[in-house]
$ cat input_2.tsv   # TSV, C-alpha atoms and all ligand atoms
chain	number	residue	atom	x	y	z
W	1	MET	CA	-7.44	-4.74	16.52
W	2	ALA	CA	-7.60	-3.20	13.03
W	3	GLU	CA	-4.73	-3.79	10.68
W	4	ILE	CA	-3.05	-0.74	9.21
W	5	ILE	CA	-1.52	-0.42	5.76
W	6	CYS	CA	0.19	2.71	4.47
W	7	ILE	CA	0.84	3.69	0.89
W	8	ILE	CA	3.67	6.19	0.95
W	9	GLY	CA	6.77	7.42	-0.91
W	10	ASN	CA	8.64	10.62	-1.55
W	11	LYS	CA	7.63	11.06	-5.19
W	12	GLY	CA	4.27	12.56	-6.23
W	13	GLY	CA	2.00	11.07	-8.88
W	14	THR	CA	3.00	7.45	-8.28
W	15	GLY	CA	-0.60	6.37	-7.56
W	16	LYS	CA	-0.73	6.50	-3.75
W	17	THR	CA	-4.24	7.98	-3.59
W	18	THR	CA	-5.63	5.84	-6.41
W	19	LEU	CA	-4.16	2.66	-4.91
W	20	SER	CA	-5.47	3.52	-1.43
W	21	HIS	CA	-9.02	3.78	-2.79
W	22	LEU	CA	-8.60	0.77	-5.07
W	23	LEU	CA	-7.39	-1.31	-2.13
W	24	CYS	CA	-10.22	-0.22	0.17
W	25	HIS	CA	-12.76	-0.92	-2.57
W	26	GLY	CA	-11.22	-4.35	-3.23
W	27	LEU	CA	-11.16	-5.23	0.48
W	28	THR	CA	-14.89	-4.52	0.76
W	29	LEU	CA	-15.55	-6.70	-2.30
W	30	LEU	CA	-13.78	-9.48	-0.36
W	31	GLY	CA	-16.09	-8.91	2.59
W	32	ARG	CA	-13.70	-6.86	4.74
W	33	ARG	CA	-14.42	-3.49	6.32
W	34	ALA	CA	-12.02	-0.77	5.23
W	35	ALA	CA	-11.26	2.88	5.89
W	36	CYS	CA	-9.31	5.08	3.49
W	37	VAL	CA	-7.42	7.64	5.54
W	38	MET	CA	-6.25	10.76	3.75
W	39	THR	CA	-3.14	12.43	5.17
W	40	ASP	CA	-2.03	14.63	2.27
W	41	GLU	CA	-2.41	18.29	3.27
W	42	ASP	CA	-2.24	19.39	-0.36
W	43	ARG	CA	-5.36	17.54	-1.51
W	44	GLU	CA	-9.06	17.97	-0.84
W	45	PRO	CA	-10.71	14.98	0.80
W	46	VAL	CA	-13.33	12.97	-1.11
W	47	LEU	CA	-16.84	12.27	0.20
W	48	PRO	CA	-18.12	8.89	1.36
W	49	ASP	CA	-21.17	9.04	-0.97
W	50	GLY	CA	-21.51	5.90	-3.08
W	51	ARG	CA	-18.44	4.17	-1.64
W	52	ARG	CA	-18.44	0.79	0.04
W	53	TYR	CA	-15.70	1.92	2.47
W	54	VAL	CA	-15.33	4.70	5.00
W	55	VAL	CA	-13.21	7.75	4.21
W	56	ALA	CA	-11.46	9.77	6.89
W	57	ASP	CA	-9.84	13.20	6.70
W	58	ALA	CA	-6.64	13.00	8.75
W	59	ARG	CA	-4.61	15.84	7.30
W	60	SER	CA	-3.39	17.20	10.64
W	61	PRO	CA	-1.07	15.20	12.93
W	62	HIS	CA	-3.71	15.41	15.67
W	63	ALA	CA	-6.48	14.04	13.41
W	64	ARG	CA	-4.10	11.32	12.16
W	65	ASP	CA	-3.33	10.06	15.66
W	66	LYS	CA	-7.02	10.18	16.58
W	67	VAL	CA	-8.18	8.29	13.47
W	68	VAL	CA	-5.49	5.63	13.77
W	69	SER	CA	-6.10	5.01	17.47
W	70	ARG	CA	-9.86	4.82	16.83
W	71	LEU	CA	-9.25	2.37	13.96
W	72	ARG	CA	-6.96	0.25	16.12
W	73	GLU	CA	-9.92	-0.39	18.42
W	74	LEU	CA	-12.10	-1.71	15.59
W	75	LYS	CA	-11.69	-5.46	15.32
W	76	GLY	CA	-11.62	-6.86	11.80
W	77	TRP	CA	-11.21	-3.50	10.08
W	78	ILE	CA	-8.37	-2.55	7.76
W	79	GLY	CA	-7.17	1.05	7.63
W	80	VAL	CA	-5.35	2.28	4.55
W	81	LEU	CA	-3.28	5.44	5.10
W	82	ASP	CA	-2.78	7.47	1.93
W	83	GLY	CA	0.50	9.42	2.19
W	84	GLY	CA	1.62	12.70	0.63
W	85	ALA	CA	4.61	13.44	-1.59
W	86	ASN	CA	7.86	15.12	-0.48
W	87	ARG	CA	7.06	14.58	3.18
W	88	THR	CA	9.69	12.25	4.63
W	89	ASP	CA	8.66	13.21	8.19
W	90	LEU	CA	5.04	12.23	7.47
W	91	ASP	CA	6.17	9.02	5.73
W	92	ILE	CA	8.25	8.04	8.78
W	93	SER	CA	5.30	8.59	11.08
W	94	LEU	CA	2.90	6.59	8.83
W	95	TYR	CA	5.53	3.83	8.49
W	96	GLN	CA	5.76	3.51	12.26
W	97	MET	CA	1.96	3.17	12.58
W	98	SER	CA	1.60	0.48	9.91
W	99	ASP	CA	1.73	-3.30	9.69
W	100	ILE	CA	2.16	-3.35	5.90
W	101	VAL	CA	3.91	-0.61	3.93
W	102	LEU	CA	3.60	-0.14	0.18
W	103	LEU	CA	5.77	2.14	-1.96
W	104	PRO	CA	4.24	2.61	-5.41
W	105	PHE	CA	6.51	3.55	-8.29
W	106	ARG	CA	5.95	4.10	-11.99
W	107	ASP	CA	8.14	3.09	-14.86
W	108	SER	CA	10.42	6.14	-15.00
W	109	PRO	CA	14.07	6.71	-14.03
W	110	GLU	CA	12.98	9.30	-11.44
W	111	ASP	CA	10.58	6.81	-9.85
W	112	TYR	CA	13.25	4.08	-9.73
W	113	ARG	CA	15.64	6.46	-7.95
W	114	ALA	CA	12.93	7.51	-5.48
W	115	VAL	CA	11.78	3.97	-4.70
W	116	LEU	CA	15.35	2.73	-4.14
W	117	ARG	CA	15.88	5.53	-1.64
W	118	ASP	CA	12.57	4.74	0.11
W	119	LEU	CA	13.27	0.97	0.19
W	120	ASP	CA	16.54	1.80	1.90
W	121	LEU	CA	14.85	4.14	4.39
W	122	PHE	CA	11.92	1.79	5.17
W	123	PRO	CA	13.26	-1.76	5.67
W	124	LYS	CA	9.88	-3.50	6.01
W	125	ALA	CA	8.32	-1.75	2.99
W	126	ARG	CA	7.46	-3.40	-0.34
W	127	ALA	CA	7.74	-1.66	-3.70
W	128	LEU	CA	4.61	-1.75	-5.83
W	129	PRO	CA	4.86	-1.22	-9.60
W	130	SER	CA	2.02	1.18	-10.34
W	131	GLN	CA	0.24	2.22	-13.58
W	132	TRP	CA	2.32	-0.56	-15.11
W	133	PRO	CA	2.19	-0.72	-18.91
W	134	ARG	CA	-0.05	-3.23	-20.69
W	135	ASN	CA	1.48	-2.82	-24.13
W	136	ARG	CA	3.84	-5.81	-24.67
W	137	TRP	CA	6.88	-3.80	-25.75
W	138	GLN	CA	6.57	-1.24	-22.93
W	139	LEU	CA	5.86	-4.00	-20.44
W	140	ASP	CA	9.03	-5.91	-21.38
W	141	ALA	CA	11.08	-2.71	-21.06
W	142	ALA	CA	9.54	-1.90	-17.64
W	143	ASN	CA	10.08	-5.43	-16.34
W	144	ARG	CA	13.70	-5.32	-17.52
W	145	MET	CA	14.25	-2.20	-15.41
W	146	VAL	CA	12.93	-4.06	-12.35
W	147	ASP	CA	15.16	-7.06	-13.15
W	148	GLU	CA	18.16	-4.75	-13.11
W	149	LEU	CA	17.48	-3.52	-9.55
W	150	PRO	CA	19.91	-4.83	-6.88
W	151	GLU	CA	18.83	-8.35	-5.79
W	152	ASP	CA	17.90	-7.41	-2.18
W	153	PHE	CA	15.56	-4.71	-3.49
W	154	ARG	CA	14.12	-6.83	-6.31
W	155	ALA	CA	13.02	-9.43	-3.75
W	156	ARG	CA	10.78	-6.74	-2.21
W	157	VAL	CA	8.96	-5.83	-5.44
W	158	LEU	CA	5.31	-6.96	-5.56
W	159	PRO	CA	3.34	-7.97	-8.67
W	160	PRO	CA	2.34	-4.86	-10.66
W	161	ILE	CA	-0.93	-2.94	-10.71
W	162	HIS	CA	-1.57	-2.30	-14.37
W	163	SER	CA	-2.71	0.94	-15.87
W	164	MET	CA	-6.50	1.25	-16.08
W	165	SER	CA	-8.16	4.57	-16.84
W	166	ALA	CA	-11.33	3.48	-14.97
W	167	THR	CA	-9.39	3.87	-11.68
W	168	LYS	CA	-10.14	7.62	-12.01
W	169	VAL	CA	-13.73	6.84	-11.03
W	170	LEU	CA	-12.59	6.19	-7.46
W	171	LEU	CA	-11.01	9.65	-7.17
W	172	GLN	CA	-14.25	11.53	-7.88
W	173	THR	CA	-15.27	13.70	-4.93
W	174	ARG	CA	-18.61	11.84	-4.94
W	175	LEU	CA	-18.60	8.40	-6.49
W	176	GLN	CA	-21.09	9.02	-9.28
W	177	SER	CA	-20.83	5.87	-11.34
W	178	GLU	CA	-20.71	2.25	-10.15
W	179	PRO	CA	-17.21	0.75	-10.61
W	180	GLY	CA	-17.33	-1.60	-13.61
W	181	THR	CA	-16.39	-5.28	-13.83
W	182	ALA	CA	-12.79	-4.72	-14.90
W	183	LEU	CA	-12.16	-2.20	-12.10
W	184	ASN	CA	-13.76	-4.55	-9.56
W	185	ARG	CA	-11.53	-7.40	-10.77
W	186	LEU	CA	-8.39	-5.24	-10.46
W	187	ALA	CA	-9.46	-4.08	-6.98
W	188	ARG	CA	-10.19	-7.63	-5.82
W	189	GLU	CA	-6.87	-9.00	-7.11
W	190	PHE	CA	-4.95	-6.18	-5.45
W	191	ALA	CA	-6.76	-6.70	-2.13
W	192	GLN	CA	-6.17	-10.47	-2.30
W	193	GLY	CA	-2.44	-9.85	-2.83
W	194	VAL	CA	-2.29	-7.51	0.17
W	195	LEU	CA	-4.18	-9.96	2.41
W	196	GLY	CA	-1.59	-12.54	1.30
W	197	LEU	CA	1.11	-10.24	2.72
W	198	PHE	CA	-0.57	-10.37	6.15
W	199	GLU	CA	-0.52	-14.19	5.98
W	200	GLU	CA	3.15	-14.09	4.96
W	201	GLU	CA	3.95	-11.85	7.95
W	202	ALA	CA	2.00	-14.15	10.29
W	203	SER	CA	3.85	-17.24	9.08
W	204	CYS	CA	7.24	-15.43	9.46
W	205	VAL	CA	6.31	-14.57	13.06
W	206	ALA	CA	5.22	-18.19	13.70
W	207	THR	CA	8.53	-19.51	12.28
W	208	ALA	CA	10.56	-17.06	14.37
W	209	LEU	CA	8.63	-18.04	17.53
W	210	ALA	CA	9.09	-21.78	16.83
W	211	GLN	CA	12.80	-21.20	16.27
W	212	ALA	CA	13.13	-19.20	19.51
W	213	ARG	CA	11.27	-21.97	21.39
W	214	ALA	CA	13.53	-24.69	19.89
W	215	GLU	CA	16.63	-22.68	20.86
W	216	ALA	CA	15.32	-22.21	24.42
W	217	ASP	CA	14.58	-25.98	24.70
W	218	ALA	CA	18.08	-26.86	23.41
W	219	GLU	CA	19.60	-24.42	25.91
W	220	GLU	CA	17.62	-26.00	28.74
W	221	SER	CA	18.62	-29.55	27.80
W	222	ASP	CA	22.29	-28.42	27.63
W	223	HIS	CA	22.04	-26.77	31.06
W	224	PRO	CA	19.19	-28.52	32.87
G	1	LIG	N1	-3.51	2.13	-12.23
G	1	LIG	C1	-3.71	3.33	-12.80
G	1	LIG	N2	-4.13	3.41	-14.09
G	1	LIG	C2	-4.32	4.59	-14.71
G	1	LIG	N3	-4.11	5.79	-14.14
G	1	LIG	C3	-3.69	5.80	-12.86
G	1	LIG	C4	-3.48	4.58	-12.12
G	1	LIG	N4	-3.06	4.92	-10.88
G	1	LIG	C5	-3.02	6.27	-10.85
G	1	LIG	N5	-3.40	6.81	-12.02
G	1	LIG	C6	-3.46	8.27	-12.37
G	1	LIG	O1	-2.20	8.86	-12.07
G	1	LIG	C7	-2.35	10.16	-11.53
G	1	LIG	C8	-1.65	10.24	-10.18
G	1	LIG	O2	-2.29	9.34	-9.28
G	1	LIG	P1	-2.49	9.64	-7.74
G	1	LIG	O3	-3.17	8.46	-7.19
G	1	LIG	O4	-3.12	10.98	-7.53
G	1	LIG	O5	-0.97	9.68	-7.27
G	1	LIG	P2	-0.34	10.24	-5.89
G	1	LIG	O6	-1.40	10.14	-4.86
G	1	LIG	O7	0.84	9.36	-5.62
G	1	LIG	O8	0.09	11.66	-6.16
G	1	LIG	C9	-3.85	10.41	-11.45
G	1	LIG	O9	-4.23	11.17	-12.58
G	1	LIG	C10	-4.46	9.01	-11.49
G	1	LIG	O10	-5.75	9.03	-12.08
G	2	MG	MG	-2.13	11.54	-3.42
$ encode --input "input_2.tsv" --output "structure tokens"
Amino acid sequence: MAEIICIIGNKGGTGKTTLSHLLCHGLTLLGRRAACVMTDEDREPVLPDGRRYVVADARSPHARDKVVSRLRELKGWIGVLDGGANRTDLDISLYQMSDIVLLPFRDSPEDYRAVLRDLDLFPKARALPSQWPRNRWQLDAANRMVDELPEDFRARVLPPIHSMSATKVLLQTRLQSEPGTALNRLAREFAQGVLGLFEEEASCVATALAQARAEADAEESDHP
């Protein structure tokens, strides 16, 4: 069965579309098969030309359900669902379809407010610092803002994706230029981090199962 990731959040311009493409590109560089699924009704879909991953137009609820159920049948694939802004109903539906949920946010007070609200609404989601500054002074200030988030939210913040203007290449309707070395490195690191989240989930499930088994055994030895 394919694994499904969604990149959602109420605020526009946080990097959902860019990160969806970056992740799909990175996954293919790691030898995985990926599909970038566009759900935002306000944007035009991009074409598959020149990309290493599949793109799917799933802007209607019907198309979304069809694409996701088709993907689910494809063993070894990873589907990345790119959300739309100001669409809590759509976000809830994408959240329910997904194994991993990412909420990008930029370094701005408005983004912090939006991501706190979304972390509250989506308990299994992780917050992803996006377009994170590279300049030392701005970086320190941005990291301080994250450090000041309430502890239970801070624990759900992933390592940042730094700002890189070359990411724009991936948003071209037709991919006209080959992604360069720096973009490939960023894509690969991001994809590796996300695959690590799947392993984390799997080990949490294994621990919970072992615990349940131990409790059942203890119960049985108490009441044979
Ligand atoms: N890591 C990044 N570095 C530089 N620019 C970025 C990065 N991520 C996104 N952007 C830019 O930010 C803008 C908004 O990104 P987009 O992916 O369209 O956000 P959303 O889909 O959340 O509305 C775009 O102009 C995009 O090129
Ligand atoms: Mg978008």
$ residues_near_ligand --input "input_2.tsv" --ligand "ligand MG 2 (chain G)" --cutoff "6 Å" --atoms "only C-alpha atoms and all ligand atoms" --output "ChimeraX atom specification"
/W:16-17,84
$ atom_distance --input "input_2.tsv" --atom1 "CA of Val194 (chain W)" --atom2 "CA of Leu27 (chain W)"
9.2 Å
$ closest_residue --input "input_2.tsv" --among "W:Glu41, W:Asp118, W:Asp82, W:Glu189" --to "ligand LIG 1 (chain G)" --atoms "all atoms listed in the file"
W:Asp82
$ atom_distance --input "input_2.tsv" --atom1 "CA of Thr167 (chain W)" --atom2 "CA of Met97 (chain W)"
26.8 Å
$ residues_near_ligand --input "input_2.tsv" --ligand "ligand LIG 1 (chain G)" --cutoff "8 Å" --atoms "only C-alpha atoms and all ligand atoms" --output "MDAnalysis selection string"
chainID W and resid 8:9 11:20 82:85 104 130:132 161:168 171
$ closest_residue --input "input_2.tsv" --among "W:Pro45, W:Cys6, W:Ala155, W:Thr39" --to "Gln172 (chain W)" --atoms "all atoms listed in the file"
W:Pro45
$ axis_aligned_box --input "input_2.tsv" --around "region 83-100 of chain W" --padding-each-side "5 Å" --output "AutoDock Vina command-line options"
--center_x 5.1 --center_y 5.9 --center_z 5.5 --size_x 19.2 --size_y 28.5 --size_z 24.2
$ atom_distance --input "input_2.tsv" --atom1 "CA of Thr207 (chain W)" --atom2 "CA of Trp77 (chain W)"
25.5 Å
$ closest_residue --input "input_2.tsv" --among "W:Arg51, W:Arg136, W:His223, W:Arg43" --to "Leu170 (chain W)" --atoms "all atoms listed in the file"
W:Arg51
$ residues_around --input "input_2.tsv" --residues "Ala187 (chain W)" --least-positions-apart "4" --cutoff "8 Å" --atoms "only C-alpha atoms" --output "compact mmCIF listing (two decimals) with C-alpha atoms, in the coordinates of the input"
# COMPACT_ATOMS: atom_id res chain seq x y z
CA LEU W 22 -8.60 0.77 -5.07
CA LEU W 23 -7.39 -1.31 -2.13
CA HIS W 25 -12.76 -0.92 -2.57
CA GLY W 26 -11.22 -4.35 -3.23
CA LEU W 27 -11.16 -5.23 0.48
CA LEU W 183 -12.16 -2.20 -12.10
CA ALA W 191 -6.76 -6.70 -2.13
